[in-house]
file final36.csv (CSV, C-alpha atoms)
chain,number,residue,atom,x,y,z
A,980,MET,CA,63.7,89.6,69.4
A,981,THR,CA,63.6,93.2,70.7
A,982,ASN,CA,66.5,95.1,72.1
A,983,PRO,CA,65.0,97.5,74.7
A,984,LEU,CA,68.3,99.2,75.3
A,985,ALA,CA,69.3,99.7,71.7
A,986,SER,CA,71.4,102.8,71.1
A,987,ARG,CA,71.9,103.4,74.8
A,988,ILE,CA,75.3,103.9,76.4
A,989,ALA,CA,75.9,102.1,79.6
A,990,LEU,CA,78.9,102.6,81.9
A,991,VAL,CA,79.6,99.7,84.3
A,992,THR,CA,82.3,99.7,86.9
A,993,GLY,CA,83.9,96.6,88.3
A,994,ALA,CA,83.1,95.0,85.0
A,995,SER,CA,85.9,92.4,84.9
A,996,ARG,CA,84.2,89.9,87.2
A,997,GLY,CA,81.3,89.0,89.4
A,998,ILE,CA,78.1,91.1,89.3
A,999,GLY,CA,79.7,93.8,87.2
A,1000,PHE,CA,80.7,91.3,84.5
A,1001,ALA,CA,77.3,89.7,84.5
A,1002,THR,CA,75.5,93.0,84.4
A,1003,ALA,CA,77.6,94.3,81.6
A,1004,LYS,CA,76.8,91.2,79.6
A,1005,ALA,CA,73.1,91.4,80.4
A,1006,LEU,CA,72.9,95.1,79.4
A,1007,ALA,CA,74.8,94.4,76.2
A,1008,LYS,CA,72.4,91.5,75.4
A,1009,ALA,CA,69.5,94.0,75.8
A,1010,GLY,CA,71.1,96.2,73.2
A,1011,ALA,CA,73.3,98.7,75.1
A,1012,HIS,CA,76.8,99.6,74.1
A,1013,ILE,CA,78.9,98.9,77.2
A,1014,VAL,CA,81.7,101.2,78.6
A,1015,ALA,CA,83.4,98.6,80.8
A,1016,VAL,CA,85.6,99.9,83.6
A,1017,ALA,CA,87.9,97.8,85.7
A,1018,ARG,CA,91.5,97.5,86.9
A,1019,THR,CA,92.0,94.1,85.2
A,1020,GLN,CA,92.7,94.2,81.5
A,1021,GLY,CA,92.4,90.4,81.1
A,1022,GLY,CA,89.0,90.4,82.7
A,1023,LEU,CA,87.8,93.2,80.5
A,1024,GLU,CA,89.0,91.3,77.4
A,1025,GLU,CA,87.2,88.2,78.5
A,1026,LEU,CA,84.0,90.3,78.9
A,1027,ASP,CA,84.5,91.8,75.5
A,1028,ASP,CA,84.7,88.3,74.0
A,1029,GLU,CA,81.5,87.3,75.7
A,1030,ILE,CA,79.6,90.4,74.6
A,1031,ARG,CA,80.8,89.9,71.0
A,1032,LYS,CA,79.5,86.3,71.1
A,1033,ASP,CA,76.0,87.7,71.8
A,1034,GLY,CA,76.4,90.3,69.0
A,1035,GLY,CA,77.0,93.2,71.3
A,1036,THR,CA,79.7,95.9,71.5
A,1037,ALA,CA,81.9,97.3,74.3
A,1038,THR,CA,84.5,99.9,74.9
A,1039,LEU,CA,87.1,98.7,77.4
A,1040,VAL,CA,88.5,101.1,80.0
A,1041,PRO,CA,91.3,99.8,82.2
A,1042,LEU,CA,91.1,102.2,85.1
A,1043,ASN,CA,91.8,102.2,88.8
A,1044,LEU,CA,88.8,104.1,90.3
A,1045,THR,CA,91.0,105.7,92.9
A,1046,ASP,CA,92.4,107.7,90.0
A,1047,SER,CA,89.9,110.6,90.2
A,1048,ASP,CA,91.6,112.4,87.3
A,1049,GLY,CA,91.1,109.3,85.2
A,1050,ILE,CA,87.4,109.3,86.0
A,1051,ALA,CA,87.3,113.0,84.9
A,1052,ARG,CA,89.1,112.1,81.6
A,1053,LEU,CA,86.6,109.3,81.0
A,1054,GLY,CA,83.7,111.7,81.4
A,1055,ALA,CA,85.3,114.1,79.0
A,1056,GLY,CA,85.9,111.3,76.5
A,1057,LEU,CA,82.3,110.1,76.7
A,1058,HIS,CA,81.2,113.7,76.1
A,1059,GLU,CA,83.3,114.0,73.1
A,1060,ARG,CA,82.4,110.7,71.6
A,1061,TYR,CA,78.7,110.3,72.5
A,1062,GLY,CA,77.6,113.6,74.1
A,1063,LYS,CA,75.6,111.7,76.7
A,1064,LEU,CA,75.4,108.7,79.0
A,1065,ASP,CA,72.2,106.7,79.4
A,1066,ILE,CA,73.1,104.3,82.2
A,1067,LEU,CA,75.6,104.3,85.1
A,1068,VAL,CA,76.0,101.1,87.2
A,1069,GLY,CA,78.3,101.8,90.1
A,1070,ASN,CA,79.2,98.3,91.0
A,1071,ALA,CA,82.9,98.3,91.8
A,1072,GLY,CA,83.7,97.7,95.4
A,1073,VAL,CA,86.3,96.2,97.7
A,1074,LEU,CA,85.7,94.2,100.9
A,1075,GLY,CA,88.8,95.4,102.9
A,1076,PRO,CA,90.0,93.8,106.1
A,1077,SER,CA,87.9,91.4,108.2
A,1078,SER,CA,89.0,92.3,111.7
A,1079,PRO,CA,88.0,94.1,114.9
A,1080,ILE,CA,88.0,97.9,114.4
A,1081,GLY,CA,90.9,98.4,116.8
A,1082,HIS,CA,93.1,96.1,114.7
A,1083,ILE,CA,92.5,97.9,111.4
A,1084,GLU,CA,95.1,100.3,110.1
A,1085,LEU,CA,94.0,103.7,109.0
A,1086,LYS,CA,95.3,103.2,105.5
A,1087,ALA,CA,93.2,100.0,105.1
A,1088,PHE,CA,90.1,101.9,106.1
A,1089,THR,CA,90.8,104.8,103.8
A,1090,ASP,CA,91.6,102.4,100.9
A,1091,VAL,CA,88.1,100.9,101.2
A,1092,MET,CA,86.5,104.4,101.4
A,1093,ALA,CA,88.5,105.5,98.3
A,1094,VAL,CA,86.9,102.8,96.1
A,1095,ASN,CA,83.5,102.3,97.6
A,1096,VAL,CA,82.6,105.9,98.4
A,1097,SER,CA,85.0,108.5,96.9
A,1098,ALA,CA,85.2,106.9,93.5
A,1099,ASN,CA,81.4,106.9,93.3
A,1100,PHE,CA,81.3,110.5,94.4
A,1101,GLN,CA,83.6,111.4,91.5
A,1102,LEU,CA,81.6,109.3,89.1
A,1103,ILE,CA,78.5,111.2,90.1
A,1104,ARG,CA,80.3,114.6,89.6
A,1105,CYS,CA,81.7,113.7,86.3
A,1106,MET,CA,78.8,111.7,84.8
A,1107,GLU,CA,75.8,113.7,86.0
A,1108,PRO,CA,76.0,116.2,83.1
A,1109,LEU,CA,76.1,113.4,80.6
A,1110,LEU,CA,73.2,111.5,82.2
A,1111,LYS,CA,71.2,114.7,82.1
A,1112,GLN,CA,71.8,114.8,78.3
A,1113,SER,CA,70.0,111.4,78.0
A,1114,ASP,CA,66.3,111.3,77.5
A,1115,ALA,CA,66.1,108.8,80.4
A,1116,GLY,CA,69.3,108.7,82.4
A,1117,ARG,CA,69.5,105.8,84.9
A,1118,ALA,CA,72.0,105.2,87.7
A,1119,VAL,CA,72.1,102.1,89.9
A,1120,PHE,CA,74.6,101.6,92.8
A,1121,VAL,CA,75.3,98.2,94.2
A,1122,THR,CA,75.1,98.2,98.0
A,1123,SER,CA,75.1,95.6,100.8
A,1124,GLY,CA,73.0,94.5,103.7
A,1125,ALA,CA,76.1,95.2,105.8
A,1126,ALA,CA,75.3,98.9,105.6
A,1127,ASN,CA,72.2,98.7,107.8
A,1128,LYS,CA,73.2,95.7,109.8
A,1129,ALA,CA,76.5,97.3,110.8
A,1130,THR,CA,78.1,93.9,110.4
A,1131,ALA,CA,80.8,93.1,112.9
A,1132,TYR,CA,84.4,92.6,111.7
A,1133,VAL,CA,83.9,94.3,108.3
A,1134,SER,CA,83.4,97.8,109.6
A,1135,PRO,CA,85.2,99.6,106.8
A,1136,TYR,CA,83.0,97.8,104.2
A,1137,ALA,CA,79.8,98.3,106.2
A,1138,ALA,CA,80.5,102.0,106.8
A,1139,SER,CA,81.4,102.6,103.1
A,1140,LYS,CA,78.2,101.0,101.9
A,1141,ALA,CA,76.2,103.1,104.4
A,1142,ALA,CA,77.9,106.2,103.1
A,1143,LEU,CA,77.3,105.1,99.5
A,1144,GLU,CA,73.6,104.7,100.2
A,1145,THR,CA,73.3,108.1,101.7
A,1146,LEU,CA,75.2,109.7,98.8
A,1147,ALA,CA,72.9,108.0,96.2
A,1148,ARG,CA,69.8,108.9,98.1
A,1149,ALA,CA,70.9,112.6,98.3
A,1150,TRP,CA,71.6,112.6,94.6
A,1151,ALA,CA,68.2,111.1,93.9
A,1152,GLN,CA,66.5,113.9,95.8
A,1153,GLU,CA,68.6,116.6,94.0
A,1154,THR,CA,67.6,115.2,90.7
A,1155,ALA,CA,64.0,114.2,91.5
A,1156,ASN,CA,62.6,116.9,89.1
A,1157,THR,CA,64.8,115.8,86.2
A,1158,LYS,CA,64.6,112.8,83.9
A,1159,LEU,CA,67.4,111.1,85.8
A,1160,ARG,CA,66.5,108.2,88.1
A,1161,VAL,CA,68.9,107.1,90.8
A,1162,ASN,CA,68.5,103.9,92.8
A,1163,LEU,CA,70.3,101.3,95.0
A,1164,PHE,CA,70.4,97.5,94.5
A,1165,ASN,CA,71.2,95.1,97.3
A,1166,PRO,CA,72.2,91.6,95.8
A,1167,GLY,CA,72.6,89.9,99.2
A,1168,PRO,CA,74.7,86.7,99.3
A,1169,VAL,CA,75.8,85.9,95.7
A,1170,ARG,CA,78.3,83.4,94.3
A,1171,THR,CA,81.2,85.8,93.8
A,1172,ARG,CA,84.9,85.9,94.7
A,1173,MET,CA,84.2,88.6,97.4
A,1174,ARG,CA,81.6,86.4,99.1
A,1175,ALA,CA,84.0,83.4,99.0
A,1176,THR,CA,86.7,85.6,100.7
A,1177,LEU,CA,84.3,86.6,103.4
A,1178,MET,CA,82.7,83.2,104.0
A,1179,PRO,CA,85.3,80.6,102.9
A,1180,GLY,CA,83.4,77.7,104.5
A,1181,GLU,CA,80.2,78.4,102.6
A,1182,ASP,CA,79.0,76.1,99.9
A,1183,PRO,CA,78.8,78.4,96.8
A,1184,ALA,CA,76.2,76.0,95.2
A,1185,THR,CA,73.7,77.3,97.8
A,1186,LEU,CA,74.0,80.8,96.4
A,1187,ASP,CA,72.4,82.5,93.4
A,1188,THR,CA,74.8,83.4,90.6
A,1189,ALA,CA,75.9,86.8,89.5
A,1190,GLU,CA,74.0,86.2,86.2
A,1191,GLN,CA,70.7,85.6,88.1
A,1192,VAL,CA,71.2,88.8,90.0
A,1193,ALA,CA,72.1,90.9,86.9
A,1194,GLU,CA,68.7,90.1,85.3
A,1195,PHE,CA,67.1,92.2,88.0
A,1196,ILE,CA,69.4,95.1,87.6
A,1197,VAL,CA,68.7,95.5,83.8
A,1198,PRO,CA,65.1,96.7,84.3
A,1199,MET,CA,66.3,99.4,86.6
A,1200,CYS,CA,68.4,100.8,83.8
A,1201,ALA,CA,65.6,100.9,81.2
A,1202,PRO,CA,63.8,104.1,80.0
A,1203,ASP,CA,60.5,102.9,81.4
A,1204,TRP,CA,61.8,102.6,84.9
A,1205,THR,CA,60.3,105.6,86.8
A,1206,GLU,CA,61.2,105.1,90.5
A,1207,THR,CA,64.0,107.1,92.1
A,1208,GLY,CA,65.6,107.1,95.5
A,1209,LYS,CA,64.5,103.5,96.1
A,1210,PHE,CA,66.3,100.3,97.3
A,1211,TYR,CA,65.8,97.0,95.5
A,1212,ASP,CA,66.3,94.0,97.7
A,1213,TYR,CA,67.1,91.0,95.5
A,1214,LYS,CA,66.6,88.4,98.3
A,1215,THR,CA,63.0,89.4,98.8
A,1216,ARG,CA,62.5,90.6,95.2
A,1217,SER,CA,61.0,93.8,96.5
A,1218,LEU,CA,61.5,97.6,95.9
A,1219,MET,CA,61.7,99.5,99.1
A,1220,SER,CA,61.4,103.1,100.2
A,1221,PHE,CA,63.8,104.3,102.9
A,1222,ARG,CA,62.1,105.1,106.2
A,1223,SER,CA,63.3,107.5,108.9
A,1224,PRO,CA,64.0,106.0,112.3
A,1225,ALA,CA,60.9,106.0,114.6
call {"tool": "encode", "arguments": {"input": "final36.csv", "output": "structure tokens"}}
result
Amino acid sequence: MTNPLASRIALVTGASRGIGFATAKALAKAGAHIVAVARTQGGLEELDDEIRKDGGTATLVPLNLTDSDGIARLGAGLHERYGKLDILVGNAGVLGPSSPIGHIELKAFTDVMAVNVSANFQLIRCMEPLLKQSDAGRAVFVTSGAANKATAYVSPYAASKAALETLARAWAQETANTKLRVNLFNPGPVRTRMRATLMPGEDPATLDTAEQVAEFIVPMCAPDWTETGKFYDYKTRSLMSFRSPA
């Protein structure tokens, strides 16, 4: 059995549950050492147990991603310990309020932006030098169809994902002539806690699992992945280029 990601260091945010948990497990199974970031210590410990069962290794980082100084310290720590970062999976996100725009408090809006946009901006700033030290740095950000559909009643979430997409695409253009590849991944409806919160009447058995989704993120993190600035749509199993409005 080969380990295509052996000796590679992978940072995964939102790793304590859902898609982040499943992606961290899948990357570890492929041979990567996982730097697992999440707010929930218990969820991280559960992930560590699962990774160890498969013979993998992980470093657990309990961190609220709104702590920008904490992200900077994490970057410094990775530099001191490894001198590089091979994989960044920006998965952590919050749904925020489900309500008409006029009923949403400003703080609730800025709280969503802090996690879904600003935290990823700080991750890019602090991890880019480490990713450029890799022979094949790879970054994948988890987005949502809400970004381009401008989904009603979840405006903070939709706006934050649209901002994240633009941020990632701009970074992809800035790094196009380097070894770093930056892409977006849209999982669509998946059997997660966030989806259950948004759609409480939906039968979860009709949805794919986070584990099924994660299997499609792993190839985007591999050294032989060459595309950048692209958008992988899980529902249609297709890699898309962004098009300017007509």
call {"tool": "atom_distance", "arguments": {"input": "final36.csv", "atom1": "CA of Tyr1213 (chain A)", "atom2": "CA of Phe1088 (chain A)"}}
result
27.6 Å
call {"tool": "atom_distance", "arguments": {"input": "final36.csv", "atom1": "CA of Asp1203 (chain A)", "atom2": "CA of Val1161 (chain A)"}}
result
13.3 Å
call {"tool": "residues_around", "arguments": {"input": "final36.csv", "residues": "His1012 (chain A)", "least_positions_apart": "4", "cutoff": "9 Å", "atoms": "all atoms listed in the file", "output": "list in words"}}
result
Leu984, Ala985, Ser986, Arg987, Ile988, Ala989, Leu990, Leu1006, Ala1007, Gly1035, Thr1036, Ala1037 and Thr1038 of chain A
call {"tool": "atom_distance", "arguments": {"input": "final36.csv", "atom1": "CA of Ala1071 (chain A)", "atom2": "CA of Leu1085 (chain A)"}}
result
21.2 Å
call {"tool": "residues_near_point", "arguments": {"input": "final36.csv", "point": "(76.5, 91.5, 83.6)", "cutoff": "9 Å", "atoms": "only C-alpha atoms", "output": "PyMOL selection string"}}
result
chain A and resi 991+994+996-1007+1026+1189-1190+1192-1194+1196-1197
call {"tool": "residues_around", "arguments": {"input": "final36.csv", "residues": "region 1061-1065 of chain A", "least_positions_apart": "2", "cutoff": "6 Å", "atoms": "only C-alpha atoms", "output": "list in words"}}
result
Arg987, Ile988, Ala989, Leu1057, His1058, Glu1059, Leu1109, Leu1110, Gln1112, Ser1113 and Gly1116 of chain A
call {"tool": "residues_around", "arguments": {"input": "final36.csv", "residues": "Ile1083 (chain A)", "least_positions_apart": "6", "cutoff": "9 Å", "atoms": "all atoms listed in the file", "output": "list in words"}}
result
Pro1076, Ser1077 and Pro1135 of chain A
call {"tool": "closest_residue", "arguments": {"input": "final36.csv", "among": "A:Gly1056, A:Pro1198, A:Gly1034, A:Gly1022", "to": "Ser995 (chain A)", "atoms": "all atoms listed in the file"}}
result
A:Gly1022
call {"tool": "closest_residue", "arguments": {"input": "final36.csv", "among": "A:Ala1011, A:Ala1129, A:Met1199, A:Ile1103", "to": "Leu1218 (chain A)", "atoms": "only C-alpha atoms"}}
result
A:Met1199
call {"tool": "closest_residue", "arguments": {"input": "final36.csv", "among": "A:Pro983, A:Pro1041, A:Gly1167, A:Gly1081", "to": "Tyr1132 (chain A)", "atoms": "only C-alpha atoms"}}
result
A:Gly1081
call {"tool": "closest_residue", "arguments": {"input": "final36.csv", "among": "A:Phe1195, A:Phe1120, A:Trp1204, A:Tyr1211", "to": "Lys1158 (chain A)", "atoms": "all atoms listed in the file"}}
result
A:Trp1204
call {"tool": "residues_near_point", "arguments": {"input": "final36.csv", "point": "(77.1, 112.2, 89.3)", "cutoff": "12 Å", "atoms": "all atoms listed in the file", "output": "PyMOL selection string"}}
result
chain A and resi 1050-1051+1054+1064+1066-1069+1097-1111+1116-1120+1146-1151+1153-1154+1159-1161
call {"tool": "residues_around", "arguments": {"input": "final36.csv", "residues": "Ser1139 (chain A)", "least_positions_apart": "3", "cutoff": "12 Å", "atoms": "only C-alpha atoms", "output": "ChimeraX atom specification"}}
result
/A:1072-1075,1088-1100,1121-1127,1129-1130,1133-1136,1142-1146
